[in-house]
$ cat my_file.cif   # mmCIF, C-alpha atoms
data_target
loop_
_atom_site.label_atom_id
_atom_site.label_comp_id
_atom_site.auth_asym_id
_atom_site.auth_seq_id
_atom_site.Cartn_x
_atom_site.Cartn_y
_atom_site.Cartn_z
CA MET A 1 14.83 -56.61 -17.25
CA ALA A 2 11.63 -58.55 -16.65
CA GLU A 3 13.38 -60.43 -13.88
CA LYS A 4 14.89 -57.31 -12.36
CA TRP A 5 11.59 -55.50 -11.86
CA ASN A 6 9.79 -58.15 -9.87
CA ASN A 7 7.45 -57.29 -7.00
CA ARG A 8 10.24 -57.05 -4.46
CA ALA A 9 12.34 -54.72 -6.64
CA ILE A 10 9.35 -52.48 -7.31
CA PHE A 11 8.59 -52.30 -3.59
CA ARG A 12 12.22 -51.37 -2.81
CA LEU A 13 11.97 -48.54 -5.32
CA LEU A 14 8.51 -47.36 -4.25
CA TRP A 15 8.55 -47.08 -0.47
CA PRO A 16 11.49 -44.63 -0.29
CA LEU A 17 9.90 -42.59 -3.10
CA ILE A 18 6.64 -42.32 -1.15
CA ILE A 19 8.44 -41.19 1.99
CA GLU A 20 10.59 -38.77 -0.01
CA GLN A 21 7.56 -37.17 -1.65
CA ILE A 22 5.82 -36.77 1.69
CA LEU A 23 8.95 -35.19 3.14
CA ALA A 24 9.23 -32.85 0.14
CA VAL A 25 5.74 -31.49 0.76
CA THR A 26 6.50 -31.26 4.47
CA MET A 27 8.94 -28.45 3.68
CA GLY A 28 6.23 -26.27 2.18
CA ALA A 29 3.72 -27.32 4.82
CA ALA A 30 6.18 -26.53 7.61
CA ASP A 31 6.62 -23.03 6.21
CA THR A 32 2.85 -22.55 5.98
CA VAL A 33 2.01 -24.02 9.40
CA MET A 34 4.81 -22.29 11.29
CA VAL A 35 4.37 -18.93 9.59
CA SER A 36 0.61 -19.06 10.28
CA SER A 37 1.46 -17.85 13.80
CA VAL A 38 2.38 -14.51 12.19
CA GLY A 39 -1.09 -14.09 10.64
CA GLU A 40 -3.27 -14.88 7.61
CA PHE A 41 -1.43 -12.28 5.53
CA ALA A 42 1.79 -14.29 5.98
CA VAL A 43 0.07 -17.58 5.06
CA SER A 44 -1.39 -15.99 1.94
CA GLY A 45 1.94 -14.39 0.98
CA VAL A 46 3.86 -17.66 1.30
CA ASN A 47 1.17 -19.54 -0.64
CA ILE A 48 1.27 -17.00 -3.48
CA VAL A 49 5.03 -17.36 -3.85
CA ASP A 50 4.96 -21.16 -3.61
CA ASN A 51 2.55 -21.20 -6.55
CA ILE A 52 4.73 -18.79 -8.55
CA ASN A 53 7.87 -20.75 -7.66
CA ASN A 54 6.22 -23.87 -9.04
CA LEU A 55 5.75 -22.05 -12.35
CA LEU A 56 9.28 -20.63 -12.56
CA ILE A 57 11.17 -23.77 -11.54
CA ILE A 58 9.25 -25.83 -14.14
CA VAL A 59 12.03 -24.92 -16.58
CA PHE A 60 14.62 -27.06 -14.86
CA THR A 61 12.36 -29.67 -13.26
CA ALA A 62 11.17 -30.57 -16.76
CA LEU A 63 14.78 -30.89 -17.90
CA CYS A 64 15.31 -33.30 -15.00
CA THR A 65 12.46 -35.42 -16.33
CA GLY A 66 14.09 -35.49 -19.76
CA GLY A 67 17.45 -36.38 -18.26
CA SER A 68 15.93 -39.11 -16.12
CA VAL A 69 14.25 -40.75 -19.12
CA VAL A 70 17.45 -40.67 -21.19
CA VAL A 71 19.65 -41.98 -18.37
CA SER A 72 17.11 -44.71 -17.50
CA GLN A 73 17.10 -45.97 -21.07
CA TYR A 74 20.91 -46.00 -21.23
CA ILE A 75 20.98 -47.94 -17.96
CA GLY A 76 18.48 -50.40 -19.46
CA ARG A 77 20.96 -50.90 -22.32
CA ARG A 78 23.79 -51.28 -19.79
CA ASP A 79 25.59 -48.34 -21.41
CA SER A 80 27.24 -46.71 -18.37
CA GLN A 81 29.46 -44.41 -20.44
CA ASN A 82 26.58 -42.67 -22.19
CA ALA A 83 24.53 -42.72 -18.98
CA GLY A 84 27.31 -40.78 -17.24
CA SER A 85 27.67 -38.35 -20.14
CA ALA A 86 23.94 -37.66 -20.17
CA ALA A 87 24.01 -37.13 -16.40
CA LYS A 88 26.68 -34.43 -16.64
CA GLN A 89 24.89 -32.67 -19.49
CA LEU A 90 21.74 -32.63 -17.37
CA VAL A 91 23.51 -30.94 -14.46
CA TYR A 92 25.08 -28.33 -16.74
CA ILE A 93 21.87 -27.31 -18.48
CA VAL A 94 19.69 -27.21 -15.34
CA THR A 95 22.28 -25.05 -13.59
CA ALA A 96 22.36 -22.59 -16.49
CA ALA A 97 18.56 -22.49 -16.71
CA SER A 98 18.12 -21.99 -12.97
CA LEU A 99 20.52 -19.04 -12.90
CA VAL A 100 18.47 -17.27 -15.57
CA VAL A 101 15.22 -17.98 -13.73
CA MET A 102 16.76 -16.81 -10.44
CA VAL A 103 17.68 -13.42 -11.89
CA ILE A 104 14.20 -12.99 -13.39
CA GLY A 105 12.55 -13.82 -10.08
CA MET A 106 14.73 -11.53 -8.01
CA ILE A 107 14.45 -8.47 -10.27
CA TRP A 108 10.78 -8.65 -11.28
CA ARG A 109 9.24 -10.39 -8.27
CA ARG A 110 6.68 -7.68 -7.46
CA GLN A 111 5.68 -7.30 -11.10
CA ILE A 112 5.24 -11.07 -11.42
CA ILE A 113 3.05 -11.22 -8.32
CA THR A 114 0.88 -8.33 -9.53
CA LEU A 115 0.63 -9.72 -13.07
CA LEU A 116 -0.52 -13.15 -11.92
CA TYR A 117 -2.60 -12.25 -8.87
CA GLY A 118 -3.79 -8.72 -9.63
CA LYS A 119 -4.39 -6.37 -6.72
CA VAL A 120 -3.73 -7.99 -3.34
CA ALA A 121 -3.65 -6.53 0.15
CA GLU A 122 -0.50 -4.51 0.84
CA ASP A 123 0.59 -6.66 3.81
CA VAL A 124 0.16 -9.83 1.71
CA LEU A 125 2.15 -8.29 -1.18
CA ASN A 126 5.01 -7.24 1.11
CA ALA A 127 5.22 -10.69 2.71
CA ALA A 128 5.15 -12.37 -0.70
CA ALA A 129 7.86 -10.07 -2.13
CA VAL A 130 10.28 -10.81 0.72
CA TYR A 131 9.66 -14.56 0.59
CA PHE A 132 10.05 -14.50 -3.20
CA LEU A 133 13.41 -12.68 -3.09
CA ILE A 134 15.04 -15.13 -0.68
CA THR A 135 13.62 -18.33 -2.15
CA ALA A 136 14.70 -17.22 -5.65
CA LEU A 137 18.28 -17.41 -4.41
CA SER A 138 17.74 -21.13 -3.82
CA TYR A 139 16.79 -21.93 -7.44
CA PRO A 140 20.28 -23.09 -8.54
CA ALA A 141 20.64 -25.33 -5.49
CA LEU A 142 17.15 -26.73 -6.01
CA ALA A 143 17.88 -27.34 -9.71
CA VAL A 144 21.08 -29.26 -8.97
CA TYR A 145 19.40 -31.28 -6.24
CA ASN A 146 16.46 -32.16 -8.52
CA ALA A 147 18.88 -33.25 -11.24
CA ASN A 148 20.89 -35.37 -8.82
CA ALA A 149 17.76 -36.90 -7.33
CA ALA A 150 16.52 -37.77 -10.83
CA LEU A 151 19.82 -39.53 -11.51
CA PHE A 152 19.60 -41.60 -8.34
CA ARG A 153 16.04 -42.59 -9.22
CA ALA A 154 17.09 -43.49 -12.77
CA MET A 155 19.50 -45.99 -11.19
CA GLY A 156 16.68 -47.35 -9.04
CA ASN A 157 18.38 -46.04 -5.89
CA SER A 158 15.57 -44.13 -4.21
CA ARG A 159 16.87 -44.69 -0.67
CA VAL A 160 19.57 -42.04 -1.06
CA THR A 161 17.16 -39.28 -2.03
CA MET A 162 14.80 -40.34 0.77
CA ARG A 163 17.57 -39.92 3.34
CA ILE A 164 18.55 -36.54 1.91
CA ALA A 165 14.91 -35.45 2.01
CA LEU A 166 14.80 -36.42 5.69
CA LEU A 167 17.91 -34.36 6.38
CA VAL A 168 16.48 -31.40 4.49
CA ASN A 169 13.25 -31.51 6.48
CA ILE A 170 15.09 -31.63 9.79
CA LEU A 171 17.11 -28.59 8.74
CA ASN A 172 14.02 -26.78 7.45
CA VAL A 173 11.85 -27.37 10.51
CA GLY A 174 14.72 -26.57 12.84
CA GLY A 175 15.51 -23.44 10.85
CA ASN A 176 11.86 -22.36 10.93
CA ALA A 177 11.74 -22.81 14.69
CA PHE A 178 14.94 -20.81 15.14
CA PHE A 179 14.14 -17.98 12.73
CA ILE A 180 10.36 -17.67 13.22
CA PHE A 181 9.95 -18.40 16.92
CA GLY A 182 13.46 -17.66 18.16
CA LEU A 183 14.52 -14.60 16.18
CA ARG A 184 10.90 -13.69 15.36
CA ILE A 185 11.61 -12.71 11.75
CA GLY A 186 8.49 -14.38 10.35
CA VAL A 187 8.33 -14.80 6.59
CA VAL A 188 12.04 -13.98 6.22
CA GLY A 189 12.85 -16.84 8.59
CA ALA A 190 10.74 -19.33 6.66
CA ALA A 191 12.51 -18.36 3.43
CA LEU A 192 16.00 -18.54 4.97
CA SER A 193 15.47 -22.06 6.31
CA THR A 194 14.29 -23.16 2.86
CA LEU A 195 17.38 -21.62 1.23
CA ILE A 196 19.81 -23.28 3.62
CA SER A 197 18.12 -26.68 3.34
CA ARG A 198 18.28 -26.66 -0.47
CA ILE A 199 21.96 -25.71 -0.53
CA VAL A 200 22.81 -28.60 1.78
CA ALA A 201 20.76 -31.05 -0.33
CA ALA A 202 22.49 -29.99 -3.56
CA GLY A 203 25.95 -30.22 -2.00
CA VAL A 204 25.51 -33.66 -0.43
CA THR A 205 23.95 -35.32 -3.49
CA THR A 206 26.61 -33.88 -5.81
CA VAL A 207 29.43 -35.25 -3.66
CA LEU A 208 27.77 -38.68 -3.55
CA LEU A 209 27.41 -38.85 -7.33
CA VAL A 210 30.95 -37.62 -7.99
CA ARG A 211 32.24 -40.41 -5.74
CA ASN A 212 29.98 -43.03 -7.36
CA ARG A 213 32.70 -44.09 -9.82
CA GLN A 214 31.72 -47.77 -9.89
CA GLY A 215 27.96 -47.18 -10.18
CA ALA A 216 25.73 -47.10 -13.23
CA VAL A 217 25.85 -43.28 -13.21
CA SER A 218 28.71 -41.10 -11.98
CA LEU A 219 29.42 -37.35 -12.05
CA ALA A 220 33.17 -37.89 -11.78
CA GLY A 221 34.93 -35.11 -13.72
CA LEU A 222 31.91 -32.82 -13.42
CA LEU A 223 34.07 -29.67 -13.18
CA LYS A 224 35.72 -30.44 -16.53
CA ILE A 225 32.79 -28.82 -18.28
CA ARG A 226 32.19 -30.03 -21.83
CA PHE A 227 28.87 -29.63 -23.59
CA ILE A 228 27.78 -32.44 -25.92
CA PRO A 229 25.11 -31.00 -28.28
CA PRO A 230 23.71 -34.38 -29.51
CA MET A 231 23.22 -35.54 -25.90
CA ILE A 232 21.64 -32.23 -24.90
CA ARG A 233 19.32 -32.51 -27.90
CA ILE A 234 18.13 -35.94 -26.75
CA ILE A 235 17.40 -34.63 -23.25
CA LEU A 236 15.57 -31.60 -24.65
CA ASN A 237 13.41 -33.80 -26.89
CA VAL A 238 11.75 -35.07 -23.72
CA GLY A 239 12.40 -32.07 -21.47
CA ILE A 240 10.98 -29.32 -23.68
CA PRO A 241 7.52 -30.90 -24.16
CA SER A 242 7.43 -31.68 -20.44
CA GLY A 243 8.46 -28.11 -19.66
CA LEU A 244 5.84 -26.59 -21.95
CA GLU A 245 3.20 -28.90 -20.51
CA ASN A 246 4.04 -28.11 -16.91
CA SER A 247 4.46 -24.40 -17.61
CA MET A 248 1.00 -24.22 -19.13
CA PHE A 249 -0.33 -26.27 -16.23
CA GLN A 250 1.18 -23.97 -13.61
CA LEU A 251 0.18 -20.84 -15.52
CA GLY A 252 -3.37 -22.06 -15.80
CA ARG A 253 -3.30 -23.02 -12.14
CA LEU A 254 -2.11 -19.55 -11.20
CA LEU A 255 -4.84 -17.92 -13.28
CA THR A 256 -7.44 -19.99 -11.49
CA GLN A 257 -5.80 -19.22 -8.13
CA ARG A 258 -6.29 -15.57 -8.97
CA ILE A 259 -10.00 -16.16 -8.56
CA PHE A 260 -9.50 -16.61 -4.82
CA THR A 261 -8.00 -13.12 -4.47
CA SER A 262 -11.27 -11.62 -5.70
CA PHE A 263 -13.17 -13.38 -2.91
CA GLY A 264 -10.99 -12.05 -0.08
CA THR A 265 -8.27 -13.18 2.32
CA SER A 266 -10.42 -15.92 3.89
CA ALA A 267 -10.90 -17.59 0.50
CA MET A 268 -7.15 -17.32 -0.17
CA ALA A 269 -6.25 -18.77 3.23
CA GLY A 270 -8.83 -21.57 2.97
CA ASN A 271 -7.50 -22.49 -0.45
CA ALA A 272 -3.91 -22.39 0.82
CA ILE A 273 -4.66 -24.84 3.63
CA ALA A 274 -6.73 -27.13 1.41
CA GLY A 275 -3.78 -27.05 -0.99
CA VAL A 276 -1.40 -28.19 1.74
CA VAL A 277 -3.61 -31.17 2.67
CA ASN A 278 -4.12 -31.85 -1.03
CA SER A 279 -0.36 -31.91 -1.60
CA PHE A 280 0.17 -34.48 1.16
CA SER A 281 -2.63 -36.67 -0.18
CA LEU A 282 -1.06 -36.81 -3.64
CA MET A 283 2.47 -37.68 -2.58
CA PRO A 284 2.08 -41.48 -2.81
CA GLY A 285 0.60 -40.98 -6.29
CA MET A 286 3.57 -38.80 -7.25
CA ALA A 287 5.89 -41.57 -6.06
CA PHE A 288 4.11 -44.13 -8.22
CA GLY A 289 4.49 -41.78 -11.18
CA LEU A 290 8.22 -41.29 -10.58
CA SER A 291 8.71 -45.04 -10.36
CA LEU A 292 7.16 -45.41 -13.81
CA ILE A 293 9.86 -43.20 -15.34
CA THR A 294 12.58 -45.45 -13.93
CA ILE A 295 10.93 -48.80 -14.58
CA VAL A 296 9.42 -48.12 -18.00
CA GLY A 297 12.56 -46.25 -19.10
CA GLN A 298 14.83 -49.15 -18.19
CA CYS A 299 12.48 -51.74 -19.69
CA ILE A 300 12.26 -49.88 -22.99
CA GLY A 301 16.01 -49.26 -23.02
CA ALA A 302 16.39 -53.05 -22.82
CA GLY A 303 13.73 -53.54 -25.53
CA ASP A 304 11.39 -55.30 -23.07
CA TYR A 305 7.98 -53.83 -23.91
CA VAL A 306 6.10 -56.71 -22.31
CA SER A 307 7.58 -55.89 -18.90
CA ALA A 308 6.90 -52.19 -19.47
CA LYS A 309 3.19 -52.92 -19.97
CA ARG A 310 2.91 -55.40 -17.13
CA ASN A 311 4.67 -53.21 -14.58
CA THR A 312 2.73 -50.12 -15.61
CA ALA A 313 -0.56 -51.95 -15.06
CA LYS A 314 0.66 -53.17 -11.67
CA ILE A 315 1.73 -49.73 -10.49
CA MET A 316 -1.46 -48.07 -11.72
CA LYS A 317 -3.55 -50.54 -9.71
CA LEU A 318 -1.49 -49.82 -6.61
CA SER A 319 -1.87 -46.10 -7.21
CA TYR A 320 -5.67 -46.30 -7.42
CA ILE A 321 -5.95 -48.43 -4.30
CA THR A 322 -3.66 -46.14 -2.33
CA LEU A 323 -5.34 -42.88 -3.36
CA PHE A 324 -8.79 -44.32 -2.70
CA ILE A 325 -7.77 -45.15 0.87
CA ILE A 326 -6.19 -41.72 1.35
CA SER A 327 -9.26 -39.93 -0.03
CA GLY A 328 -11.54 -41.79 2.38
CA THR A 329 -9.27 -41.07 5.33
CA ILE A 330 -9.13 -37.33 4.58
CA TYR A 331 -12.90 -37.19 4.14
CA ILE A 332 -13.47 -38.80 7.54
CA PHE A 333 -10.85 -36.83 9.48
CA MET A 334 -11.11 -33.55 7.57
CA GLU A 335 -12.16 -31.49 10.60
CA ASN A 336 -9.13 -32.59 12.60
CA MET A 337 -6.73 -31.86 9.76
CA VAL A 338 -8.02 -28.36 9.02
CA SER A 339 -8.09 -27.54 12.74
CA LEU A 340 -4.28 -27.85 12.83
CA PHE A 341 -4.11 -24.46 11.11
CA ASN A 342 -4.80 -21.09 12.66
CA LEU A 343 -7.73 -20.05 10.43
CA SER A 344 -10.75 -17.81 10.80
CA PRO A 345 -14.13 -19.64 10.94
CA GLU A 346 -14.93 -18.65 7.34
CA ALA A 347 -11.58 -19.85 5.98
CA HIS A 348 -11.92 -23.05 8.02
CA GLU A 349 -15.26 -23.96 6.42
CA LEU A 350 -14.07 -23.07 2.94
CA ALA A 351 -11.02 -25.32 3.31
CA LYS A 352 -13.26 -28.27 4.22
CA THR A 353 -15.58 -27.62 1.27
CA PHE A 354 -12.65 -27.53 -1.15
CA LEU A 355 -11.25 -30.78 0.29
CA ARG A 356 -14.55 -32.64 -0.10
CA VAL A 357 -14.50 -32.00 -3.83
CA HIS A 358 -10.83 -32.92 -4.05
CA CYS A 359 -11.24 -36.27 -2.27
CA ILE A 360 -13.82 -37.43 -4.79
CA SER A 361 -12.04 -36.21 -7.92
CA MET A 362 -8.66 -37.52 -6.77
CA ALA A 363 -9.97 -41.05 -6.25
CA ILE A 364 -11.58 -41.08 -9.71
CA GLY A 365 -9.11 -39.42 -12.05
CA TRP A 366 -5.76 -38.45 -10.57
CA PRO A 367 -3.73 -41.64 -11.25
CA MET A 368 -4.73 -41.63 -14.92
CA SER A 369 -4.09 -37.93 -15.40
CA PHE A 370 -0.78 -37.55 -13.55
CA GLY A 371 0.65 -41.04 -13.02
CA LEU A 372 0.13 -42.78 -16.35
CA PRO A 373 1.62 -39.96 -18.48
CA ASN A 374 5.00 -40.66 -16.88
CA ALA A 375 4.97 -44.08 -18.54
CA LEU A 376 4.25 -42.37 -21.87
CA ARG A 377 7.10 -39.89 -21.29
CA ALA A 378 9.50 -42.71 -20.43
CA ALA A 379 8.62 -44.28 -23.78
CA GLY A 380 9.36 -41.04 -25.65
CA ASP A 381 5.73 -39.98 -26.14
CA ALA A 382 6.17 -36.67 -24.28
CA ARG A 383 4.74 -34.56 -27.12
CA PHE A 384 1.36 -36.27 -26.97
CA VAL A 385 1.25 -35.85 -23.20
CA MET A 386 1.99 -32.14 -23.64
CA ILE A 387 -0.74 -31.58 -26.25
CA VAL A 388 -3.44 -33.28 -24.19
CA ALA A 389 -2.39 -31.51 -20.99
CA VAL A 390 -2.39 -28.04 -22.55
CA ILE A 391 -5.77 -28.49 -24.28
CA SER A 392 -7.40 -29.94 -21.18
CA MET A 393 -5.96 -27.24 -18.94
CA TRP A 394 -7.29 -24.33 -20.99
CA THR A 395 -10.58 -25.78 -22.20
CA VAL A 396 -11.58 -27.55 -18.98
CA ARG A 397 -9.79 -26.31 -15.89
CA VAL A 398 -9.30 -22.59 -16.63
CA SER A 399 -12.44 -21.89 -18.67
CA ALA A 400 -14.73 -23.92 -16.42
CA ALA A 401 -13.24 -22.37 -13.27
CA TYR A 402 -14.15 -18.85 -14.39
CA LEU A 403 -17.56 -19.87 -15.68
CA LEU A 404 -18.50 -21.74 -12.52
CA SER A 405 -17.05 -19.15 -10.13
CA TYR A 406 -18.45 -16.01 -11.74
CA THR A 407 -21.04 -16.74 -14.45
CA PHE A 408 -22.85 -19.45 -12.47
CA GLY A 409 -22.17 -17.79 -9.11
CA ILE A 410 -20.65 -20.81 -7.36
CA GLY A 411 -17.74 -18.76 -6.05
CA PRO A 412 -14.25 -20.11 -5.32
CA LEU A 413 -15.57 -23.68 -5.12
CA GLY A 414 -15.81 -23.53 -8.91
CA VAL A 415 -12.03 -23.74 -9.15
CA TRP A 416 -11.93 -27.08 -7.36
CA LEU A 417 -14.84 -28.47 -9.38
CA ALA A 418 -13.08 -27.52 -12.63
CA MET A 419 -9.88 -29.15 -11.39
CA GLY A 420 -11.72 -32.44 -10.87
CA GLY A 421 -13.11 -32.26 -14.39
CA ASP A 422 -9.61 -31.73 -15.75
CA PHE A 423 -8.40 -34.89 -13.98
CA ILE A 424 -11.01 -37.03 -15.69
CA VAL A 425 -10.73 -35.53 -19.19
CA ARG A 426 -6.96 -35.69 -19.60
CA GLY A 427 -6.75 -39.07 -17.87
CA SER A 428 -9.18 -40.58 -20.37
CA PHE A 429 -6.98 -39.51 -23.29
CA TYR A 430 -3.82 -40.91 -21.68
CA LEU A 431 -5.45 -44.23 -20.90
CA THR A 432 -6.68 -44.56 -24.50
CA ARG A 433 -3.20 -43.80 -25.84
CA TRP A 434 -1.57 -46.39 -23.59
CA VAL A 435 -4.08 -49.14 -24.38
CA ARG A 436 -3.72 -48.57 -28.14
CA GLY A 437 0.06 -48.96 -27.88
CA THR A 438 0.93 -45.98 -30.08
CA TRP A 439 3.78 -45.14 -27.67
CA GLU A 440 5.62 -48.33 -28.70
CA LYS A 441 6.57 -46.69 -31.99
CA LYS A 442 8.40 -43.82 -30.26
CA THR A 443 12.18 -43.65 -29.67
CA VAL A 444 14.35 -41.63 -27.29
CA ILE A 445 17.87 -42.89 -27.90
CA GLU A 446 19.09 -44.33 -31.17
CA GLY A 447 21.13 -47.46 -31.83
#
$ encode --input "my_file.cif" --output "structure tokens"
Amino acid sequence: MAEKWNNRAIFRLLWPLIIEQILAVTMGAADTVMVSSVGEFAVSGVNIVDNINNLLIIVFTALCTGGSVVVSQYIGRRDSQNAGSAAKQLVYIVTAASLVVMVIGMIWRRQIITLLYGKVAEDVLNAAAVYFLITALSYPALAVYNANAALFRAMGNSRVTMRIALLVNILNVGGNAFFIFGLRIGVVGAALSTLISRIVAAGVTTVLLVRNRQGAVSLAGLLKIRFIPPMIRIILNVGIPSGLENSMFQLGRLLTQRIFTSFGTSAMAGNAIAGVVNSFSLMPGMAFGLSLITIVGQCIGAGDYVSAKRNTAKIMKLSYITLFIISGTIYIFMENMVSLFNLSPEAHELAKTFLRVHCISMAIGWPMSFGLPNALRAAGDARFVMIVAVISMWTVRVSAAYLLSYTFGIGPLGVWLAMGGDFIVRGSFYLTRWVRGTWEKKTVIEG
């Protein structure tokens, strides 16, 4: 294993992951940019639903993390039979979970929007409700695609998912152009192109994995459904803590996003655009984090803890260097980036103010707070990651956001300041845990 994950192998895994993550965010950005021609109410409506979608789909994205860790460790042990069994169980449970979440989203979409965001303008609410209804239909396809993508990454084959992401983006941008500018159906068009793109992605990746009979992981015989409780339990041991962690993160994020609604549409639109730029800036860091699940999982599956430590240190250094460069670039060219969006002068200035805070906090704390915990999860230390994340979210990000925004009168900027504090606090705990080596005592698969 130490020989397998040399510098060249890590690079082959990383560069497609970086491109894939950038392309993934491009889908949401394309919806936001192209629907901005309809008006700020449409931008705000799409942004509201994207945030809610992130909360609802956490259920099955967390399961994908659990499945990826389990499959990676089986691959590290060169146990293809159990790797394949775990892969099928992952697809079954994410499909079931996504169907439940889809029904909840479709039936109670307006209630969910009102509960999380309070009173919003009627035109924003209507746009959000329509976008929510159509994108909810895509949850099962998105769940299957995420599961399949996690399986490809667990094998170290990130090129496949990169190519699929490219295809999806072409379909999404083309669909947006056709529906929004051609048929002029605005928010509905943006949602339809997202739905179609996700269905295609799920279908193509499933076919590829079913045909991958000679690979480390195959979904051959997928339709012969058979649940294996012990295997599901192993996946849930990692997936449930990750799901609870991410659910609390997204819920806390939504509660802080609610602050922007109290400061008007300009604050909401400025935050939405800053969020888009923010998402692009973090994609390389997300890729580094995903690579840690594969590399550390395989190393630990093979019992090679020395390589796990060495490769984690190497990837964390690369992550810090990369995000520092990105932060500096955004800071310098911020005006040009924000000008790409059709914003009012007030929203334009707010977006730049939010991004200034983000650039500084990202360079200091993001790799520790969101990259390093993937190495801990891959080692089976998901429960610790969950506890730290939940405590930091509620005691630092949420509480501080409300105090700074309202009590101290800073306004919506307080949300971004609190977010930066959260990066640093949780990251410090994760770094301490990794250095002490407590994670080495954890186990995911027995035997």
$ closest_residue --input "my_file.cif" --among "A:Ile48, A:Val103, A:Ala400, A:Ala86" --to "Gly118 (chain A)" --atoms "only C-alpha atoms"
A:Ile48
$ resolve_selection --input "my_file.cif" --expression "the PyMOL selection byres ((chain A and resi 258) around 12)" --output "PyMOL selection string"
chain A and resi 44+47-48+51-52+113-120+251-257+259-265+267-268+271+398+401-402+405+412+415
$ write_last_selection --input "my_file.cif" --atoms "C-alpha atoms" --output "compact mmCIF listing (two decimals), keeping the file's coordinate frame"
# COMPACT_ATOMS: atom_id res chain seq x y z
CA SER A 44 -1.39 -15.99 1.94
CA ASN A 47 1.17 -19.54 -0.64
CA ILE A 48 1.27 -17.00 -3.48
CA ASN A 51 2.55 -21.20 -6.55
CA ILE A 52 4.73 -18.79 -8.55
CA ILE A 113 3.05 -11.22 -8.32
CA THR A 114 0.88 -8.33 -9.53
CA LEU A 115 0.63 -9.72 -13.07
CA LEU A 116 -0.52 -13.15 -11.92
CA TYR A 117 -2.60 -12.25 -8.87
CA GLY A 118 -3.79 -8.72 -9.63
CA LYS A 119 -4.39 -6.37 -6.72
CA VAL A 120 -3.73 -7.99 -3.34
CA LEU A 251 0.18 -20.84 -15.52
CA GLY A 252 -3.37 -22.06 -15.80
CA ARG A 253 -3.30 -23.02 -12.14
CA LEU A 254 -2.11 -19.55 -11.20
CA LEU A 255 -4.84 -17.92 -13.28
CA THR A 256 -7.44 -19.99 -11.49
CA GLN A 257 -5.80 -19.22 -8.13
CA ILE A 259 -10.00 -16.16 -8.56
CA PHE A 260 -9.50 -16.61 -4.82
CA THR A 261 -8.00 -13.12 -4.47
CA SER A 262 -11.27 -11.62 -5.70
CA PHE A 263 -13.17 -13.38 -2.91
CA GLY A 264 -10.99 -12.05 -0.08
CA THR A 265 -8.27 -13.18 2.32
CA ALA A 267 -10.90 -17.59 0.50
CA MET A 268 -7.15 -17.32 -0.17
CA ASN A 271 -7.50 -22.49 -0.45
CA VAL A 398 -9.30 -22.59 -16.63
CA ALA A 401 -13.24 -22.37 -13.27
CA TYR A 402 -14.15 -18.85 -14.39
CA SER A 405 -17.05 -19.15 -10.13
CA PRO A 412 -14.25 -20.11 -5.32
CA VAL A 415 -12.03 -23.74 -9.15
$ atom_distance --input "my_file.cif" --atom1 "CA of Leu133 (chain A)" --atom2 "CA of Gly189 (chain A)"
12.4 Å
$ resolve_selection --input "my_file.cif" --expression "the PyMOL selection byres ((chain A and resi 95) around 9)" --output "list in words"
Phe60, Leu90, Val91, Tyr92, Ile93, Val94, Ala96, Ala97, Ser98, Leu99, Val100, Tyr139, Pro140, Ala141, Ala143 and Val144 of chain A
$ residues_around --input "my_file.cif" --residues "Tyr131 (chain A)" --least-positions-apart "6" --cutoff "8 Å" --atoms "only C-alpha atoms" --output "PyMOL selection string"
chain A and resi 45-46+49+187-188+190-191
